[in-house]
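K.L.:
Encoded as structure tokens, here's the structure I'll be asking about.
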Amino acid sequence: MSNPKTFTCINCPLGCTVSVEPGSGGPAVSGNECARGEKYALQEHTDPRRVLTGTVQVKGAFIPRLPVKTSAPIPKGLLMAAARELDRIVVQAPVACGTVLVRDIAGSGADLVAARDL
Amino acid sequence: MPEKPVIIVGAGPAGLSAAAAAADAGAPVLLLERDRETGGILNQCVHDGFGNLLYGHSLTGPEFALRLAREVTRRPAVRVLTGTSVLGLEKDRTVIAVNSDGMHRIEAAAVVLAMGCRERSRFQASLPGFRPAGVFTAGTAQRLINMEGLMPGERAVVLGSGDVGLIMARRLTLEGARVEGVFEIRPRPSGLSRNVVQCLEDFGIPLFLSHTIAFIHGKKRVEGVTVAAVDEGWQPDPASERFIPCDTVILSAGLIPENELSRRAGVTLDPATAGPLVDQEMQTALPGIFACGNVVHVHDLVDFVCRAAAAAGRGAARFASGQKTEGRVTVRKGSGVRYVVPQRLALPVEDKVDLYLRVADEVHHARVIASPGTGRGEPVEKKARVLRPPEAVHLELTPRFCANLHDGDELVVSVEGAGLK
């Protein structure tokens with residue numbers, strides 16, 4: 001009948017296993033020791049997001065890779081597609097930390113930014 | 001005659017933080033770094049999670065390094081020499097270093113050791129098999145991928161569930177490699193829970209607890225590994241052996257504080273941490289020689305490193321200005337504690353003391369107790385629902401509490417609670 005989904009909360013060392021069960025009055029959350037766990041589980045249940053970090057090719061710098069990150073957490077389901085878009089990017093040095101390299105990466109709504117000066 | 005500087009060995013997050021603090025406390029600083037740039041291990045840590053406590057938001061390693069580097073460049077009292085290796089340190093605080101300008105012998109008013117850690121290698125972890133190409137420590141794989149743009153292989157097995165191994169399992173997967181699994185010899189993960197979730201669960205990478213690699217196959221290149229379940233004594237059970245084809249083995253078998261310099265200078269090390277014995281100012285048993293960061297003990301978060309390194313920088317500046325501390329209290333680890341840092345307190349204690357300890361085993365309904373050995377004064381206690389070895393416990397001691405402690409006293413730190421069944 002109902003299918004509870006469980007998440008390990010990452011907010012503190014307790015690592016509560018929090019269950020979210022769809023219900024007629026809205027999702028029912030259980031197993032959390034505090035309010036942060038409920039918030040985390042609901043976010044994970046409806047729209048889990050992560051910041052993607054990695055590197056892209058850079059030319060004209062003393063190292064061949066430029067660390068990059070998304071400007072905001074992106075939907076978990078888009079992580080691998082966004083990672084493949086990184087493969088196609090080539091940046092020319094000099095580049096400043098924080099420079100926007102790609103807008104709306106993998107249709108996530110977030111930008112890809114440089115994470116160091118090179 | 002120019003003033004002797006405070007010399008700091010290593011310009012990773014610990015050295016950079018100590019340099020800024022020492023400069024603010026009025027000392028001239030010479031910061032020596034063997035790599036081409038400052039930042040240390042942060043330069044290869046492209047993942048985020050750094051600075052949540054210090055700055056209130058999550059930064060990637062390189063961003064955090066840039067922030068610390070700017071703190072140093074805007075303090076003219078700090079001189080930075082990169083491409084400079086420290087070869088030796090003498091008890092009188094003479095530092096022997098080498099760079100492209102030649103050999104240098106520099107006398108220091110105080111020294112701060114901030115060399116960080118090395119990784120446990122395959123040979124130290126005793127992995128049987130031939131010696132094919134394709135066996136990398138997790139940090140080596142991280143540098144190859146993130147700074148050199150090279151993939152270590154296409155199909156990997158990770159041994160060890162410490163944070164570096166978990167991070168690299170995800171990194172390899174994001175770069176298109178197939179990670180067959182993470183194998184951990186202990187019955188519980190060694191890294192932070194948030195990394196088990198965000199690196200393994202997010203990517204469907206299986207975690208095999210109480211498992212190890214029994215053999216590495218392949219003569220020229222790794223061809224596969226035999227994995228096995230282990231018993232409580234960590235002995236592989238031959239009946240459980242299973243062959244996994246792969247071309248790469250990633251080793252995350254632990255970090256070892258790099259104390260070659262410390263040892264040769266005669267700095268006393270604590271066998272429980274593999275780092276120097278220090279007081280709350282991070283001064284070692286040798287006067288005027290301080291230590292901070294992962295060279296003292298492996299920290300869970302770089303934010304804690306920066307805090308302790310600032311104390312070391314202030315302490316070094318204070319020592320350089322001629323102020324010495326008198327009196328000492330021994331901090332002794334009691335039951336349930338694997339290690340506690342600092343291992344001693346210098347008197348008088350003027351600022352609050354940050355004690356960090358690791359529990360020996362997982363404890364539920366835990367009580368951490370810091371108790372004066374003489375029984376004089378009330379103990380300091382902290383309660384927690386659960387404490388685990390991978391997550392160090394922070395206990396704060398106020399100057400008021402420490403006023404009850406006198407030269408020669410002991411402070412015993414112990415943990416009580418319910419252990420695992």
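Just so we're on the same page: first chain in the structure tokens is A, next is B, and so on; residues restart at 1 for each chain, and ligands are numbered from 1 in the order they show up.
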Find the residues in chain A near chain B: any atom within 10 Å counts, using only C-alpha atoms. Write them as number ranges by chain.

P.N.:
A: 7-15, 48, 50-57, 62-69, 76-77, 79-84, 86-87, 97-98, 114-117

K.L.:
With only C-alpha atoms as the counted atoms, please give the residues lying no more than 12 Å from Glu260 (chain B), apart from itself and same-chain residues fewer than 5 positions off, as a list of chain:residue names.

P.N.:
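Counting only C-alpha atoms, the residues come to B:Val86, B:Leu87, B:Gly88, B:Leu89, B:Leu113, B:Ala114, B:Met115, B:Gly116, B:Cys117, B:Arg118, B:Ala265, B:Gly266, B:Val267, B:Thr268, B:Leu269, B:Ala274, B:Gly275, B:Pro276, B:Val295.
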
K.L.:
Given the selection you just returned, output its residues as a file containing N, CA and C atoms, formatted as a PDB file, in the first residue's frame.

P.N.:
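Printed below is part03.pdb as written:
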```pdb
ATOM      1  N   VAL B  86      62.079  22.096   3.952  1.00  0.00           N
ATOM      2  CA  VAL B  86      62.807  22.112   5.228  1.00  0.00           C
ATOM      3  C   VAL B  86      63.394  20.723   5.430  1.00  0.00           C
ATOM      4  N   LEU B  87      64.711  20.659   5.564  1.00  0.00           N
ATOM      5  CA  LEU B  87      65.383  19.372   5.698  1.00  0.00           C
ATOM      6  C   LEU B  87      65.649  19.011   7.150  1.00  0.00           C
ATOM      7  N   GLY B  88      65.767  20.030   7.997  1.00  0.00           N
ATOM      8  CA  GLY B  88      66.095  19.731   9.385  1.00  0.00           C
ATOM      9  C   GLY B  88      65.704  20.859  10.315  1.00  0.00           C
ATOM     10  N   LEU B  89      65.584  20.472  11.575  1.00  0.00           N
ATOM     11  CA  LEU B  89      65.244  21.422  12.629  1.00  0.00           C
ATOM     12  C   LEU B  89      66.073  21.051  13.842  1.00  0.00           C
ATOM     13  N   LEU B 113      55.396  23.848  13.475  1.00  0.00           N
ATOM     14  CA  LEU B 113      55.408  22.707  12.552  1.00  0.00           C
ATOM     15  C   LEU B 113      53.993  22.486  12.019  1.00  0.00           C
ATOM     16  N   ALA B 114      53.851  22.491  10.690  1.00  0.00           N
ATOM     17  CA  ALA B 114      52.511  22.352  10.081  1.00  0.00           C
ATOM     18  C   ALA B 114      52.614  21.507   8.823  1.00  0.00           C
ATOM     19  N   MET B 115      53.254  20.349   8.923  1.00  0.00           N
ATOM     20  CA  MET B 115      53.551  19.527   7.741  1.00  0.00           C
ATOM     21  C   MET B 115      52.426  18.604   7.291  1.00  0.00           C
ATOM     22  N   GLY B 116      51.382  18.521   8.066  1.00  0.00           N
ATOM     23  CA  GLY B 116      50.268  17.678   7.631  1.00  0.00           C
ATOM     24  C   GLY B 116      50.556  16.194   7.727  1.00  0.00           C
ATOM     25  N   CYS B 117      49.926  15.423   6.849  1.00  0.00           N
ATOM     26  CA  CYS B 117      49.996  13.962   6.893  1.00  0.00           C
ATOM     27  C   CYS B 117      50.491  13.350   5.599  1.00  0.00           C
ATOM     28  N   ARG B 118      50.916  12.099   5.727  1.00  0.00           N
ATOM     29  CA  ARG B 118      51.124  11.236   4.550  1.00  0.00           C
ATOM     30  C   ARG B 118      50.023  10.196   4.577  1.00  0.00           C
ATOM     31  N   ALA B 265      64.273  16.229  15.451  1.00  0.00           N
ATOM     32  CA  ALA B 265      64.607  17.372  16.312  1.00  0.00           C
ATOM     33  C   ALA B 265      64.503  17.001  17.784  1.00  0.00           C
ATOM     34  N   GLY B 266      63.921  15.832  18.059  1.00  0.00           N
ATOM     35  CA  GLY B 266      63.780  15.413  19.447  1.00  0.00           C
ATOM     36  C   GLY B 266      62.457  15.819  20.088  1.00  0.00           C
ATOM     37  N   VAL B 267      61.464  16.149  19.239  1.00  0.00           N
ATOM     38  CA  VAL B 267      60.139  16.491  19.765  1.00  0.00           C
ATOM     39  C   VAL B 267      59.457  15.211  20.254  1.00  0.00           C
ATOM     40  N   THR B 268      58.898  15.232  21.444  1.00  0.00           N
ATOM     41  CA  THR B 268      58.205  14.055  21.991  1.00  0.00           C
ATOM     42  C   THR B 268      56.888  13.837  21.259  1.00  0.00           C
ATOM     43  N   LEU B 269      56.684  12.598  20.766  1.00  0.00           N
ATOM     44  CA  LEU B 269      55.438  12.269  20.079  1.00  0.00           C
ATOM     45  C   LEU B 269      54.525  11.456  20.997  1.00  0.00           C
ATOM     46  N   ALA B 274      50.231   9.749  16.994  1.00  0.00           N
ATOM     47  CA  ALA B 274      51.389   9.752  16.079  1.00  0.00           C
ATOM     48  C   ALA B 274      51.856  11.178  15.793  1.00  0.00           C
ATOM     49  N   GLY B 275      51.421  12.115  16.637  1.00  0.00           N
ATOM     50  CA  GLY B 275      51.824  13.503  16.486  1.00  0.00           C
ATOM     51  C   GLY B 275      52.487  14.001  17.756  1.00  0.00           C
ATOM     52  N   PRO B 276      53.034  15.229  17.734  1.00  0.00           N
ATOM     53  CA  PRO B 276      53.707  15.749  18.927  1.00  0.00           C
ATOM     54  C   PRO B 276      52.739  15.940  20.097  1.00  0.00           C
ATOM     55  N   VAL B 295      49.443  17.507  11.418  1.00  0.00           N
ATOM     56  CA  VAL B 295      50.700  16.930  11.896  1.00  0.00           C
ATOM     57  C   VAL B 295      50.562  16.555  13.380  1.00  0.00           C
TER      58      VAL B 295
END
```

K.L.:
Find the spatial neighbours of Lys5 (chain A), counting only C-alpha atoms, within a cut-off of 10 Å - ignore same-chain residues fewer than 4 positions away - and output them as a PyMOL selection string.

P.N.:
chain A and resi 17-22+29+41+44-45

K.L.:
Can you write out the residues you just picked, keeping N, CA and C atoms, as a JSON list (two decimals), in the first residue's frame?

P.N.:
```json
[["chain", "number", "residue", "atom", "x", "y", "z"],
["A", 17, "THR", "N", 17.82, 7.56, 10.94],
["A", 17, "THR", "CA", 17.13, 7.04, 9.76],
["A", 17, "THR", "C", 15.72, 7.60, 9.79],
["A", 18, "VAL", "N", 15.45, 8.50, 8.88],
["A", 18, "VAL", "CA", 14.16, 9.20, 8.88],
["A", 18, "VAL", "C", 13.28, 8.64, 7.77],
["A", 19, "SER", "N", 12.03, 8.30, 8.12],
["A", 19, "SER", "CA", 11.10, 7.77, 7.13],
["A", 19, "SER", "C", 10.10, 8.81, 6.71],
["A", 20, "VAL", "N", 9.79, 8.82, 5.42],
["A", 20, "VAL", "CA", 8.76, 9.73, 4.91],
["A", 20, "VAL", "C", 7.70, 8.85, 4.24],
["A", 21, "GLU", "N", 6.49, 8.96, 4.75],
["A", 21, "GLU", "CA", 5.41, 8.14, 4.21],
["A", 21, "GLU", "C", 4.34, 9.05, 3.62],
["A", 22, "PRO", "N", 4.02, 8.85, 2.33],
["A", 22, "PRO", "CA", 2.96, 9.69, 1.75],
["A", 22, "PRO", "C", 1.63, 9.42, 2.46],
["A", 29, "VAL", "N", 6.41, 12.20, 8.55],
["A", 29, "VAL", "CA", 7.85, 12.00, 8.78],
["A", 29, "VAL", "C", 8.04, 11.39, 10.16],
["A", 41, "ALA", "N", 14.65, 15.40, 5.47],
["A", 41, "ALA", "CA", 13.96, 14.25, 4.87],
["A", 41, "ALA", "C", 12.91, 14.70, 3.86],
["A", 44, "GLU", "N", 14.73, 15.83, 0.75],
["A", 44, "GLU", "CA", 15.24, 14.65, 0.05],
["A", 44, "GLU", "C", 14.10, 13.90, -0.63],
["A", 45, "HIS", "N", 12.96, 13.88, 0.01],
["A", 45, "HIS", "CA", 11.82, 13.12, -0.50],
["A", 45, "HIS", "C", 11.22, 13.80, -1.73]]
```

K.L.:
For Gly107 (chain A), work out the shell of residues within 9 Å, counting only C-alpha atoms and skipping chain neighbours fewer than 3 positions away, then give it as an MDAnalysis selection string.

P.N.:
chainID A and resid 78 82 103:104 110

K.L.:
DSSP on the backbone, strand (DSSP E) only: what residues of region 12-113 of chain A does that give? Format it as a PyMOL selection string.

P.N.:
chain A and resi 17-21+28-30+49-50+53-59+65-70+74-75+90-92+100-102+112-113

K.L.:
Taking only C-alpha atoms into account, name the residue in B:Asp163, B:Asp409, B:Glu362, B:Glu90 that is nearest to Pro287 (chain B).

P.N.:
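Of the candidates, the smallest distance to Pro287 (chain B) is held by B:Glu90.
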
K.L.:
Within 7 Å of Val157 (chain B), counting only C-alpha atoms, which residues qualify if same-chain residues fewer than 2 places away don't, as number ranges by chain?

P.N.:
B: 159, 179-182, 246, 248-250

K.L.:
Can I get the selection written as a compact mmCIF listing (two decimals), in the first residue's frame, with N, CA, C and O atoms?

P.N.:
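The resulting part_12.txt:
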```txt
# COMPACT_ATOMS: atom_id res chain seq x y z
N LEU B 159 39.65 0.40 -1.13
CA LEU B 159 39.87 -0.26 0.15
C LEU B 159 39.95 0.80 1.24
O LEU B 159 40.84 1.64 1.22
N VAL B 179 33.05 2.20 -10.17
CA VAL B 179 33.58 1.81 -8.86
C VAL B 179 32.77 0.62 -8.37
O VAL B 179 31.58 0.74 -8.11
N GLU B 180 33.44 -0.54 -8.28
CA GLU B 180 32.75 -1.79 -7.95
C GLU B 180 32.28 -1.83 -6.50
O GLU B 180 31.29 -2.48 -6.19
N GLY B 181 33.00 -1.14 -5.63
CA GLY B 181 32.59 -1.14 -4.23
C GLY B 181 33.66 -0.54 -3.34
O GLY B 181 34.81 -0.38 -3.75
N VAL B 182 33.25 -0.21 -2.12
CA VAL B 182 34.18 0.25 -1.09
C VAL B 182 34.22 -0.83 -0.03
O VAL B 182 33.17 -1.27 0.45
N CYS B 246 38.92 -5.79 -12.07
CA CYS B 246 39.08 -4.32 -12.03
C CYS B 246 40.48 -4.02 -12.52
O CYS B 246 41.32 -4.92 -12.64
N THR B 248 42.06 -1.04 -11.22
CA THR B 248 42.58 -0.02 -10.31
C THR B 248 42.19 -0.34 -8.87
O THR B 248 41.04 -0.72 -8.61
N VAL B 249 43.16 -0.20 -7.97
CA VAL B 249 42.86 -0.35 -6.54
C VAL B 249 43.17 1.00 -5.89
O VAL B 249 44.26 1.54 -6.04
N ILE B 250 42.19 1.57 -5.21
CA ILE B 250 42.36 2.84 -4.50
C ILE B 250 42.45 2.55 -3.02
O ILE B 250 41.55 1.92 -2.45
```

K.L.:
Which polymer residues have any atom within 12 Å of an atom of region 236-238 of chain B, counting only C-alpha atoms, with same-chain residues fewer than 3 positions away left out, as a list in words?

P.N.:
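Returned residues: Ile185, Ser210, His211, Thr212, Ile213, Ala214, Phe215, Thr226, Val227, Ala228, Ala229, Val230, Asp231, Glu232, Gly233, Glu241, Arg242 and Phe243 of chain B.
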
K.L.:
Which distance in Å separates CA of Ser252 (chain B) and CA of Val393 (chain B), to one decimal?

P.N.:
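The value is 22.9 Å.
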
K.L.:
In region 10-118 of chain A, what's alpha helix (DSSP H) per DSSP? Answer as a list in words?

P.N.:
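For region 10-118 of chain A, the alpha helix (DSSP H) set is Ala35, Arg36, Gly37, Glu38, Lys39, Tyr40, Ala41, Leu42, Gln43, Glu44, His45, Thr46, Leu79, Met80, Ala81, Ala82, Ala83, Arg84, Glu85 and Leu86 of chain A.
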
K.L.:
So which one's closest to Phe50 (chain B), B:Asp351, B:Glu378, B:Glu119, B:Asp300? Using only C-alpha atoms, please.

P.N.:
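Under the stated criterion, the closest residue is B:Asp300.
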
K.L.:
Excluding Ser321 (chain B) and any residue of its chain fewer than 3 positions from it, enumerate the residues within 8 Å of it, using only C-alpha atoms, and give them as a PyMOL selection string.

P.N.:
chain B and resi 27+317-318

K.L.:
Of the candidates A:Tyr40, A:Ser71, A:Ile105, A:Ser30, which shows the shortest atom-to-atom distance to Ile89 (chain A), using only C-alpha atoms?

P.N.:
A:Ile105
